[in-house]
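Step one of this worksheet: look at the structure below.
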Amino acid sequence: MSAMHIQWKDEYCVGNALIDYDHQTLVNITNELFACVDKGLSTEEISTVIKYLINYVELHFQREESLFQESDYPDGQAHMKKHREIEQVVRGISDQYAADPDAINIDDVMKFLKNWLINHIMRTDRSYVPFLNV
């Protein structure tokens, strides 16, 4: 198992079934990316997983944001701004990797993804759950 592997823990659950499912899926896709890098798979194969991750990040953020709009979450705009920033970083990683895989430090990317996922789930996402109407 890679040192970068993320082991899902029950403490990552925020208490909303759809959001918890999305978070688990994001962890699984990220672990798939870690495995591709560990196995030394081709640039094309790694790029495919990165694109899948981007698509799922965007889908997940859309789901969260629709929940914000249906609730009284007071920090929705700030949270959505964080989403846009994360999307920009992840797209930048993808674009940079596609342009020149050797110019990117894949270990730094992996650390970023792991830290972002865990910190976003454990801190940022927990803040809106009490406001959900579901």
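The chains in the structure tokens are called A, B, ... from first to last as shown; in each chain the residues are counted from 1, and the ligands are counted from 1 in the order shown.
Residues in contact with A:Val49 at 8 Å, where only C-alpha atoms are counted and same-chain residues fewer than 3 positions away are skipped, are listed as A:Ile29, A:Glu32, A:Leu33, A:Glu45, A:Ile46, A:Tyr52, A:Leu53.
Take the candidates A:Leu41, A:Ala99, A:Ala35, A:Ile19 and check each one against A:Gln62 using only C-alpha atoms; the shortest distance goes to A:Ile19.
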Which is closer to A:Asn55 than all the others in A:Ser71, A:Thr25, A:Gln77, A:Asn115, using only C-alpha atoms?
->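 With only C-alpha atoms as the atom set, the closest residue is A:Thr25.
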Spatial neighbours of A:Glu87, 8 Å, only C-alpha atoms, chain gap at least 5 places, as a PyMOL selection string | chain A and resi 54+57-58
